[in-house]
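Coordinates as given in run-v9.txt (compact mmCIF, C-alpha atoms):
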# COMPACT_ATOMS: atom_id res chain seq x y z
CA MET A 1 -16.93 27.76 -14.70
CA THR A 2 -14.06 29.93 -13.68
CA ALA A 3 -16.32 32.63 -12.26
CA MET A 4 -16.40 32.29 -8.52
CA THR A 5 -19.39 32.91 -6.37
CA PRO A 6 -17.92 35.40 -3.95
CA PRO A 7 -19.64 35.16 -0.57
CA PRO A 8 -20.25 31.45 0.03
CA ALA A 9 -16.98 30.26 -1.44
CA SER A 10 -14.94 28.09 0.85
CA ARG A 11 -11.20 27.81 0.80
CA LEU A 12 -9.91 24.79 -0.97
CA PRO A 13 -8.45 22.55 1.63
CA GLY A 14 -4.80 21.81 1.70
CA LEU A 15 -2.98 25.03 2.30
CA SER A 16 -3.52 25.06 6.02
CA ARG A 17 -5.21 21.91 7.06
CA ARG A 18 -4.48 21.48 10.71
CA THR A 19 -1.79 22.24 13.16
CA LEU A 20 -1.71 18.86 14.82
CA LEU A 21 1.17 17.73 12.68
CA ALA A 22 2.78 21.13 12.32
CA GLY A 23 6.50 20.87 12.57
CA PHE A 24 6.31 17.14 12.17
CA VAL A 25 8.70 17.09 9.26
CA GLY A 26 11.05 19.50 10.92
CA THR A 27 13.97 18.17 12.87
CA ALA A 28 12.49 19.23 16.15
CA GLY A 29 9.14 17.68 15.35
CA LEU A 30 10.70 14.41 14.34
CA ALA A 31 12.84 14.35 17.45
CA LEU A 32 9.67 14.56 19.50
CA LEU A 33 8.48 11.36 17.92
CA ALA A 34 11.44 9.50 19.27
CA THR A 35 10.02 9.93 22.72
CA GLY A 36 7.06 7.81 21.70
CA CYS A 37 4.52 10.19 23.16
CA THR A 38 3.91 13.62 21.79
CA SER A 39 0.42 14.37 22.93
CA GLU A 40 -1.16 15.66 26.05
CA ASP A 41 -4.52 14.09 25.44
CA GLY A 42 -3.65 10.57 26.29
CA ASP A 43 -4.88 8.88 23.16
CA GLY A 44 -3.17 11.11 20.65
CA GLY A 45 0.36 9.89 21.18
CA PRO A 46 0.29 6.29 22.26
CA ALA A 47 3.46 4.70 23.46
CA LEU A 48 5.32 2.47 21.11
CA SER A 49 4.80 -1.23 21.76
CA PRO A 50 7.82 -3.52 21.36
CA ALA A 51 6.30 -4.99 18.20
CA GLN A 52 5.70 -1.55 16.75
CA ALA A 53 9.23 -0.50 17.65
CA ASP A 54 10.63 -3.55 15.87
CA GLN A 55 8.50 -2.79 12.86
CA LEU A 56 9.63 0.82 12.72
CA ALA A 57 13.23 -0.31 12.91
CA ALA A 58 12.51 -2.65 10.01
CA GLN A 59 11.12 0.25 8.01
CA VAL A 60 14.29 2.22 8.71
CA ALA A 61 16.22 -0.66 7.13
CA VAL A 62 13.82 -0.65 4.18
CA GLN A 63 14.46 3.05 3.66
CA GLU A 64 18.22 2.58 4.03
CA ALA A 65 17.95 0.15 1.15
CA VAL A 66 16.19 2.80 -0.93
CA VAL A 67 18.97 5.30 -0.28
CA ALA A 68 21.54 2.64 -1.15
CA ALA A 69 19.64 1.76 -4.30
CA TYR A 70 19.78 5.36 -5.51
CA ALA A 71 23.53 5.35 -4.88
CA ALA A 72 23.97 2.05 -6.68
CA ALA A 73 21.90 3.25 -9.61
CA ALA A 74 23.92 6.46 -9.83
CA ALA A 75 27.15 4.48 -9.80
CA ALA A 76 25.90 2.21 -12.57
CA ASP A 77 24.46 5.05 -14.65
CA PRO A 78 25.91 8.43 -13.71
CA ALA A 79 23.68 10.30 -16.17
CA LEU A 80 20.60 8.79 -14.58
CA GLY A 81 22.01 9.53 -11.16
CA GLY A 82 22.33 13.18 -12.13
CA GLN A 83 18.72 13.31 -13.19
CA LEU A 84 17.55 11.73 -9.97
CA THR A 85 19.56 13.77 -7.49
CA PRO A 86 16.41 15.42 -6.02
CA GLN A 87 14.74 12.09 -5.50
CA ALA A 88 17.86 10.61 -3.93
CA GLU A 89 17.98 13.58 -1.54
CA GLN A 90 14.32 13.14 -0.72
CA ALA A 91 14.87 9.47 0.01
CA SER A 92 17.61 10.48 2.45
CA ALA A 93 15.32 13.01 4.10
CA GLN A 94 12.69 10.31 4.48
CA LEU A 95 15.28 8.07 6.08
CA GLU A 96 16.16 10.75 8.59
CA GLY A 97 12.48 11.17 9.41
CA LEU A 98 12.01 7.48 10.00
CA ARG A 99 15.16 7.23 12.08
CA ALA A 100 13.94 10.06 14.29
CA ALA A 101 10.65 8.24 14.81
CA ALA A 102 12.23 4.85 15.50
CA PRO A 103 13.90 4.74 18.88
CA GLY A 104 16.85 2.45 18.97
CA ALA A 105 16.99 1.87 15.22
CA THR A 106 20.56 1.34 14.16
CA SER A 107 22.11 1.61 10.77
CA SER A 108 22.27 -1.74 9.06
CA ALA A 109 24.69 -1.85 6.15
CA SER A 110 23.38 -5.30 5.27
CA ALA A 111 20.15 -3.68 4.12
CA ALA A 112 21.88 -2.36 1.01
CA PRO A 113 20.79 -4.15 -2.14
CA ALA A 114 23.35 -5.72 -4.41
CA GLY A 115 22.79 -3.12 -7.11
CA PRO A 116 21.50 -3.46 -10.63
CA PRO A 117 22.77 -6.50 -12.50
CA PRO A 118 25.39 -5.60 -15.12
CA GLY A 119 23.81 -4.64 -18.41
CA SER A 120 20.35 -4.42 -16.89
CA ASP A 121 17.81 -1.64 -17.10
CA VAL A 122 19.08 0.50 -14.23
CA ARG A 123 16.05 2.75 -14.19
CA GLY A 124 13.70 -0.21 -14.15
CA TRP A 125 15.71 -1.86 -11.40
CA LEU A 126 15.59 1.28 -9.28
CA ARG A 127 11.87 1.61 -9.87
CA GLU A 128 11.36 -1.90 -8.57
CA GLN A 129 13.37 -1.14 -5.44
CA VAL A 130 11.42 2.04 -4.75
CA GLY A 131 8.08 0.38 -5.41
CA ALA A 132 8.86 -2.52 -3.12
CA ALA A 133 9.87 -0.14 -0.34
CA ALA A 134 6.65 1.84 -0.79
CA GLY A 135 4.67 -1.36 -0.45
CA ALA A 136 6.53 -2.30 2.70
CA HIS A 137 5.91 1.11 4.26
CA GLU A 138 2.23 0.94 3.31
CA ALA A 139 1.83 -2.42 4.98
CA ALA A 140 3.63 -1.22 8.09
CA CYS A 141 1.52 1.94 8.18
CA ALA A 142 -1.63 -0.07 8.77
CA ASP A 143 -0.09 -1.54 11.92
CA GLN A 144 1.15 1.70 13.43
CA VAL A 145 -0.93 4.45 15.01
CA ALA A 146 -1.15 8.21 15.22
CA ALA A 147 1.83 10.26 14.10
CA ARG A 148 3.92 7.23 13.24
CA ALA A 149 1.20 5.91 10.93
CA ALA A 150 0.99 9.35 9.37
CA LEU A 151 4.75 9.46 8.81
CA LEU A 152 4.95 5.97 7.33
CA GLY A 153 1.99 6.64 5.07
CA SER A 154 3.44 9.91 3.90
CA VAL A 155 6.84 8.36 3.18
CA ALA A 156 5.16 5.52 1.31
CA ALA A 157 3.22 8.01 -0.79
CA GLY A 158 6.39 9.97 -1.49
CA LEU A 159 8.00 6.80 -2.77
CA ARG A 160 4.94 6.07 -4.93
CA GLY A 161 5.52 9.47 -6.49
CA GLN A 162 9.17 8.61 -7.10
CA GLU A 163 8.09 5.33 -8.63
CA ALA A 164 5.90 7.28 -11.04
CA VAL A 165 8.81 9.51 -12.03
CA LEU A 166 10.91 6.43 -12.71
CA ALA A 167 8.26 4.85 -14.97
CA MET B 1 -3.35 -2.54 22.49
CA ALA B 2 -6.23 -0.36 23.44
CA GLU B 3 -5.70 2.00 20.50
CA ASP B 4 -5.69 -0.81 17.98
CA GLY B 5 -7.95 -3.51 19.33
CA ALA B 6 -11.06 -4.96 17.81
CA PRO B 7 -13.33 -2.53 15.99
CA GLY B 8 -16.22 -1.50 18.14
CA GLU B 9 -14.16 -1.36 21.29
CA GLN B 10 -12.55 1.89 20.31
CA ASP B 11 -13.59 5.49 20.36
CA THR B 12 -13.84 6.32 16.68
CA ALA B 13 -14.89 9.93 17.15
CA ALA B 14 -11.56 11.35 15.98
CA GLU B 15 -11.37 8.89 13.11
CA ASP B 16 -14.92 9.74 12.09
CA GLY B 17 -14.09 13.43 12.19
CA ALA B 18 -11.02 12.94 10.03
CA LEU B 19 -13.01 10.87 7.56
CA ARG B 20 -15.56 13.67 7.35
CA GLU B 21 -12.73 16.08 6.57
CA ALA B 22 -11.55 13.70 3.88
CA VAL B 23 -15.01 13.74 2.33
CA ALA B 24 -14.90 17.53 2.34
CA ALA B 25 -11.49 17.47 0.63
CA GLU B 26 -12.75 15.02 -1.97
CA HIS B 27 -15.76 17.25 -2.62
CA ALA B 28 -13.37 20.14 -3.22
CA ALA B 29 -11.23 18.04 -5.53
CA VAL B 30 -14.22 16.97 -7.61
CA TRP B 31 -15.28 20.58 -7.92
CA GLY B 32 -11.76 21.79 -8.61
CA TYR B 33 -11.12 19.33 -11.39
CA GLY B 34 -14.03 20.90 -13.23
CA VAL B 35 -12.03 24.10 -13.24
CA VAL B 36 -8.88 22.23 -14.22
CA GLY B 37 -10.58 20.56 -17.16
CA ALA B 38 -12.12 23.78 -18.39
CA ALA B 39 -8.69 25.41 -18.57
CA LEU B 40 -7.12 22.57 -20.52
CA PRO B 41 -7.41 22.06 -24.27
CA PRO B 42 -9.89 19.30 -25.08
CA ALA B 43 -7.14 16.92 -26.15
CA ASP B 44 -5.48 17.20 -22.74
CA ARG B 45 -8.54 16.79 -20.55
CA GLY B 46 -8.30 13.05 -20.20
CA ALA B 47 -6.12 13.10 -17.10
CA ALA B 48 -8.37 15.68 -15.46
CA VAL B 49 -11.47 13.63 -16.18
CA GLU B 50 -9.77 10.52 -14.88
CA ALA B 51 -8.74 12.26 -11.69
CA GLU B 52 -12.17 13.79 -11.20
CA ASN B 53 -13.76 10.37 -11.53
CA ALA B 54 -11.27 8.87 -9.10
CA HIS B 55 -12.06 11.52 -6.50
CA ARG B 56 -15.78 11.14 -7.07
CA ASP B 57 -15.48 7.40 -6.52
CA VAL B 58 -13.54 7.85 -3.29
CA ARG B 59 -15.94 10.50 -2.08
CA ASP B 60 -18.90 8.23 -2.70
CA ARG B 61 -17.24 5.28 -0.96
CA LEU B 62 -16.43 7.50 1.99
CA GLY B 63 -20.00 8.72 2.05
CA ALA B 64 -21.20 5.14 2.21
CA LEU B 65 -18.77 4.44 5.03
CA LEU B 66 -20.08 7.40 7.01
CA ASP B 67 -23.60 6.19 6.36
CA GLU B 68 -22.72 2.75 7.72
CA ARG B 69 -21.56 4.49 10.87
CA ASP B 70 -24.82 6.45 11.11
CA LEU B 71 -22.99 9.70 10.63
CA ASP B 72 -24.48 12.70 8.87
CA PRO B 73 -23.39 13.16 5.27
CA VAL B 74 -20.93 15.88 4.38
CA ALA B 75 -22.33 18.22 1.76
CA ALA B 76 -20.26 19.90 -0.91
CA GLU B 77 -19.92 23.65 -0.81
CA ALA B 78 -21.67 25.62 -3.54
CA ALA B 79 -18.33 27.02 -4.63
CA TYR B 80 -14.75 27.21 -3.49
CA GLU B 81 -12.20 29.97 -3.48
CA LEU B 82 -9.46 29.34 -5.97
CA PRO B 83 -5.94 29.91 -4.63
CA PHE B 84 -4.96 31.72 -7.85
CA PRO B 85 -6.54 32.56 -11.20
CA VAL B 86 -6.70 29.60 -13.53
CA LEU B 87 -6.19 31.04 -16.96
CA SER B 88 -3.90 28.63 -18.74
CA PRO B 89 -3.01 24.93 -18.96
CA VAL B 90 -0.07 25.57 -16.64
CA ASP B 91 -2.40 27.19 -14.12
CA ALA B 92 -4.71 24.24 -14.46
CA ALA B 93 -1.93 21.77 -13.74
CA ALA B 94 -0.80 23.84 -10.76
CA LEU B 95 -4.36 23.88 -9.42
CA ALA B 96 -4.62 20.13 -9.85
CA ALA B 97 -1.44 19.75 -7.82
CA VAL B 98 -2.98 21.93 -5.10
CA LEU B 99 -6.13 19.85 -5.12
CA GLU B 100 -4.14 16.68 -4.68
CA ALA B 101 -2.13 18.29 -1.89
CA GLY B 102 -5.37 19.14 -0.11
CA VAL B 103 -6.60 15.60 -0.41
CA SER B 104 -3.23 14.27 0.73
CA ALA B 105 -3.33 16.43 3.85
CA ALA B 106 -6.78 15.10 4.64
CA TRP B 107 -5.63 11.50 4.28
CA VAL B 108 -2.59 12.08 6.45
CA ALA B 109 -4.94 13.48 9.08
CA VAL B 110 -7.01 10.32 8.79
CA LEU B 111 -3.86 8.28 9.38
CA ASP B 112 -3.11 10.37 12.41
CA ASP B 113 -6.56 9.86 13.91
CA ALA B 114 -7.49 6.39 12.70
CA VAL B 115 -8.01 3.67 15.28
CA GLN B 116 -8.83 0.90 12.83
CA GLY B 117 -6.34 -0.84 10.56
CA PRO B 118 -8.67 -0.97 7.55
CA THR B 119 -9.14 2.78 7.80
CA ARG B 120 -5.37 3.27 7.72
CA ALA B 121 -5.10 0.90 4.77
CA LEU B 122 -7.68 2.94 2.90
CA ALA B 123 -5.96 6.19 3.79
CA VAL B 124 -2.49 5.10 2.77
CA ARG B 125 -3.79 3.75 -0.52
CA GLU B 126 -5.57 6.97 -1.39
CA LEU B 127 -2.65 9.05 -0.18
CA GLY B 128 -0.34 7.23 -2.57
CA ALA B 129 -2.77 7.60 -5.44
CA ALA B 130 -3.08 11.32 -4.78
CA GLU B 131 0.69 11.78 -4.75
CA VAL B 132 1.12 9.91 -8.03
CA ARG B 133 -1.41 12.24 -9.62
CA ALA B 134 0.23 15.23 -7.96
CA VAL B 135 3.64 14.29 -9.35
CA ARG B 136 2.27 14.26 -12.87
CA TRP B 137 0.51 17.59 -12.43
CA ARG B 138 3.57 19.23 -10.89
CA ALA B 139 5.60 18.05 -13.86
CA ALA B 140 2.97 19.41 -16.22
CA ALA B 141 3.11 22.72 -14.37
CA GLY B 142 6.89 22.82 -14.72
CA GLN B 143 7.48 22.46 -10.98
CA THR B 144 10.75 20.81 -10.03
CA PRO B 145 11.28 18.49 -8.44
CA ALA B 146 7.90 16.99 -9.18
CA THR B 147 8.21 14.63 -6.24
CA THR B 148 7.86 15.45 -2.55
CA PRO B 149 9.34 13.49 0.34
CA PHE B 150 6.43 13.88 2.77
CA PRO B 151 3.12 14.26 0.93
CA GLY B 152 0.33 15.52 3.12
CA LEU B 153 2.52 16.49 6.04
CA PRO B 154 2.93 20.21 6.69
CA ALA B 155 6.23 21.65 5.55
CA ASP B 156 8.49 22.77 8.35
As structure tokens, the full file:
Amino acid sequence: MTAMTPPPASRLPGLSRRTLLAGFVGTAGLALLATGCTSEDGDGGPALSPAQADQLAAQVAVQEAVVAAYAAAAAADPALGGQLTPQAEQASAQLEGLRAAAPGATSSASAAPAGPPPGSDVRGWLREQVGAAAGAHEAACADQVAARAALLGSVAAGLRGQEAVLA
Amino acid sequence: MAEDGAPGEQDTAAEDGALREAVAAEHAAVWGYGVVGAALPPADRGAAVEAENAHRDVRDRLGALLDERDLDPVAAEAAYELPFPVLSPVDAAALAAVLEAGVSAAWVAVLDDAVQGPTRALAVRELGAAEVRAVRWRAAAGQTPATTPFPGLPAD
């Protein structure tokens, strides 16, 4: 099974899929999204409708809550916080990506959750927060288009992965 | 909005093309998990079998969707080039993570090109499922962190 058939073998997809989204995750690429139109072909980068803009801003608030939840969990359980530093950093990177794609989104401190109840299962509480945010991003993804749908879907999937780590 | 109106009023050519690419990625994943399973001890093959079945199911559902749209089926390649030799359980887990990354990239491309909400819902669901599997395989391969912030999107 491990022997490869040399000539007709095709590359496994994934290492270099397409260049359409190249640089998307980079700061410059994300900044382009804030303009609402990144494509020259008309249909590839549709302008953001007011409803879509509101929704993106809402997803920024959702992600702010995730970042706050990681901080609250780390404060309640420093050992757990130490273990989850990479995931907390990734949640922050996701927030920056969403902010760059959401014109006019402002930081909303009220989005921060109250934190895990005293004596509760901090890990379980954090998992619930992350899972709920993933669900919210997934639902919003279906209503967005093009690069913004791709970004929301990717962030949602990243949070699903974090949720799995927290299980 | 013109780009998100009723199905049938939109140009689905790009979406169809991305879905065809997703079928190709799922074909590769099904094939690749055969390699993954063969490199794992029998007691550890359950996750590989489960993943292979999941990808086969998605591939078949996508094939049916393409058929509904009167699009030609996408055939699997006879063989695929492995990105590295798969000689150990760690190699197998690393390959599985690569397979899931390939599928994730295909689903992100579908999200980028989709004009229909149900297509995006399908894509985001499968993208999440692929990342959950990828996290477990990265952990099994000893890769840290096992999570990624932007599955399927090209790294900068």
TODO: Compare B:Ala97, B:Leu122, B:Gly117, B:Arg45 by their minimum atom-to-atom distance to B:Ala134, counting all atoms listed in the file, and give me the closest one.
DONE: B:Ala97
Task: Neighbour list for stretch 63-80 of chain A as a VMD selection string, cut-off 12 Å, all atoms listed in the file, skip fewer than 6 positions in-chain - done: chain A and resid 56 to 57 86 to 99 105 to 137 152 155 to 156 158 to 159 162 to 163 166
- [ ] May I ask which of the residues B:Leu66, B:Val36, B:Ala101, B:Val30 is the closest one to chain A, counting all atoms listed in the file?
- [x]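 Of B:Leu66, B:Val36, B:Ala101, B:Val30, the one nearest chain A is B:Ala101, counting all atoms listed in the file.
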Can you list every residue of chain B that has an atom at most 7 Å from chain A, with its nearest atom pair and the distance in Å to one decimal, using only C-alpha atoms, ordered by chain then number, as CSV?
residue,atom,partner,partner_atom,distance
B:Ala25,CA,A:Pro13,CA,6.0
B:Ala28,CA,A:Leu12,CA,6.2
B:Val35,CA,A:Thr2,CA,6.2
B:Glu77,CA,A:Ser10,CA,6.9
B:Ala78,CA,A:Ala9,CA,6.9
B:Ala79,CA,A:Ala9,CA,4.7
B:Tyr80,CA,A:Ala9,CA,4.3
B:Glu81,CA,A:Arg11,CA,4.9
B:Leu82,CA,A:Leu12,CA,6.8
B:Ala101,CA,A:Gly14,CA,5.7
B:Gly102,CA,A:Gly14,CA,3.3
B:Val103,CA,A:Gly14,CA,6.8
B:Ala105,CA,A:Gly14,CA,6.0
B:Val108,CA,A:Ala150,CA,5.4
B:Leu111,CA,A:Ala150,CA,5.0
B:Asp112,CA,A:Ala146,CA,4.1
B:Asp113,CA,A:Ala146,CA,5.8
B:Gly117,CA,A:Ala142,CA,5.1
B:Arg120,CA,A:Ala142,CA,5.1
B:Ala121,CA,A:Ala142,CA,5.4
B:Val124,CA,A:Gly153,CA,5.3
B:Leu127,CA,A:Ala157,CA,6.0
B:Gly128,CA,A:Ala157,CA,4.1
B:Glu131,CA,A:Gly161,CA,5.6
B:Val132,CA,A:Gly161,CA,4.7
B:Val135,CA,A:Gly161,CA,5.9
B:Pro145,CA,A:Pro86,CA,6.4
B:Thr147,CA,A:Gly161,CA,5.8
B:Thr148,CA,A:Gly158,CA,5.8
B:Pro149,CA,A:Gly158,CA,4.9
B:Phe150,CA,A:Ser154,CA,5.1
B:Pro151,CA,A:Ser154,CA,5.3
B:Gly152,CA,A:Ser154,CA,6.5
B:Leu153,CA,A:Leu21,CA,6.9
B:Pro154,CA,A:Ala22,CA,5.7
B:Ala155,CA,A:Val25,CA,6.4
B:Asp156,CA,A:Gly26,CA,4.9
Open item on the list: Residues within 7 Å of B:Ala48, please, as a ChimeraX atom specification. Count all atoms listed in the file; anything in the same chain fewer than 4 positions from it doesn't count.
Closed with: /B:33,36-37,52
With C-alpha atoms retained, export the selected residues as a PDB file, in the coordinates of the input.
ATOM      1  CA  TYR B  33     -11.120  19.330 -11.390  1.00  0.00           C
ATOM      2  CA  VAL B  36      -8.880  22.230 -14.220  1.00  0.00           C
ATOM      3  CA  GLY B  37     -10.580  20.560 -17.160  1.00  0.00           C
ATOM      4  CA  GLU B  52     -12.170  13.790 -11.200  1.00  0.00           C
TER       5      GLU B  52
END
Expected axis-aligned box over every listed atom of stretch 32-42 of chain B, 3 Å added per side, centre plus edges in Å to one decimal, as AutoDock Vina command-line options:
--center_x -10.6 --center_y 22.4 --center_z -16.8 --size_x 12.9 --size_y 12.1 --size_z 22.5
Since the input is missing atoms for stretch 28-46 of chain B, could you rebuild it with N, CA and C atoms and give the result as a compact mmCIF listing (two decimals), in the frame of the given file?
# COMPACT_ATOMS: atom_id res chain seq x y z
N ALA B 28 -14.10 19.01 -2.64
CA ALA B 28 -13.37 20.14 -3.22
C ALA B 28 -12.59 19.71 -4.45
N ALA B 29 -12.00 18.52 -4.39
CA ALA B 29 -11.23 18.04 -5.53
C ALA B 29 -12.13 17.81 -6.74
N VAL B 30 -13.28 17.20 -6.50
CA VAL B 30 -14.22 16.97 -7.61
C VAL B 30 -14.61 18.30 -8.24
N TRP B 31 -14.92 19.27 -7.40
CA TRP B 31 -15.28 20.58 -7.92
C TRP B 31 -14.09 21.20 -8.66
N GLY B 32 -12.93 21.13 -8.04
CA GLY B 32 -11.76 21.79 -8.61
C GLY B 32 -11.34 21.21 -9.94
N TYR B 33 -11.51 19.93 -10.11
CA TYR B 33 -11.12 19.33 -11.39
C TYR B 33 -12.03 19.80 -12.53
N GLY B 34 -13.21 20.27 -12.21
CA GLY B 34 -14.03 20.90 -13.23
C GLY B 34 -13.35 22.15 -13.75
N VAL B 35 -12.77 22.90 -12.85
CA VAL B 35 -12.03 24.10 -13.24
C VAL B 35 -10.77 23.71 -14.03
N VAL B 36 -10.10 22.70 -13.54
CA VAL B 36 -8.88 22.23 -14.22
C VAL B 36 -9.20 21.84 -15.67
N GLY B 37 -10.23 21.03 -15.82
CA GLY B 37 -10.58 20.56 -17.16
C GLY B 37 -10.97 21.69 -18.09
N ALA B 38 -11.66 22.67 -17.55
CA ALA B 38 -12.12 23.78 -18.39
C ALA B 38 -10.95 24.62 -18.89
N ALA B 39 -9.85 24.60 -18.19
CA ALA B 39 -8.69 25.41 -18.57
C ALA B 39 -7.70 24.63 -19.44
N LEU B 40 -8.00 23.39 -19.68
CA LEU B 40 -7.12 22.57 -20.52
C LEU B 40 -7.72 22.45 -21.92
N PRO B 41 -6.87 22.34 -22.94
CA PRO B 41 -7.41 22.06 -24.27
C PRO B 41 -8.09 20.70 -24.28
N PRO B 42 -9.11 20.56 -25.10
CA PRO B 42 -9.89 19.30 -25.08
C PRO B 42 -9.02 18.06 -25.18
N ALA B 43 -7.98 18.11 -25.96
CA ALA B 43 -7.14 16.92 -26.15
C ALA B 43 -6.39 16.52 -24.88
N ASP B 44 -6.27 17.47 -23.95
CA ASP B 44 -5.48 17.20 -22.74
C ASP B 44 -6.35 16.97 -21.51
N ARG B 45 -7.64 16.85 -21.70
CA ARG B 45 -8.54 16.79 -20.55
C ARG B 45 -8.69 15.39 -19.97
N GLY B 46 -8.12 14.42 -20.64
CA GLY B 46 -8.30 13.05 -20.20
C GLY B 46 -7.83 12.82 -18.77
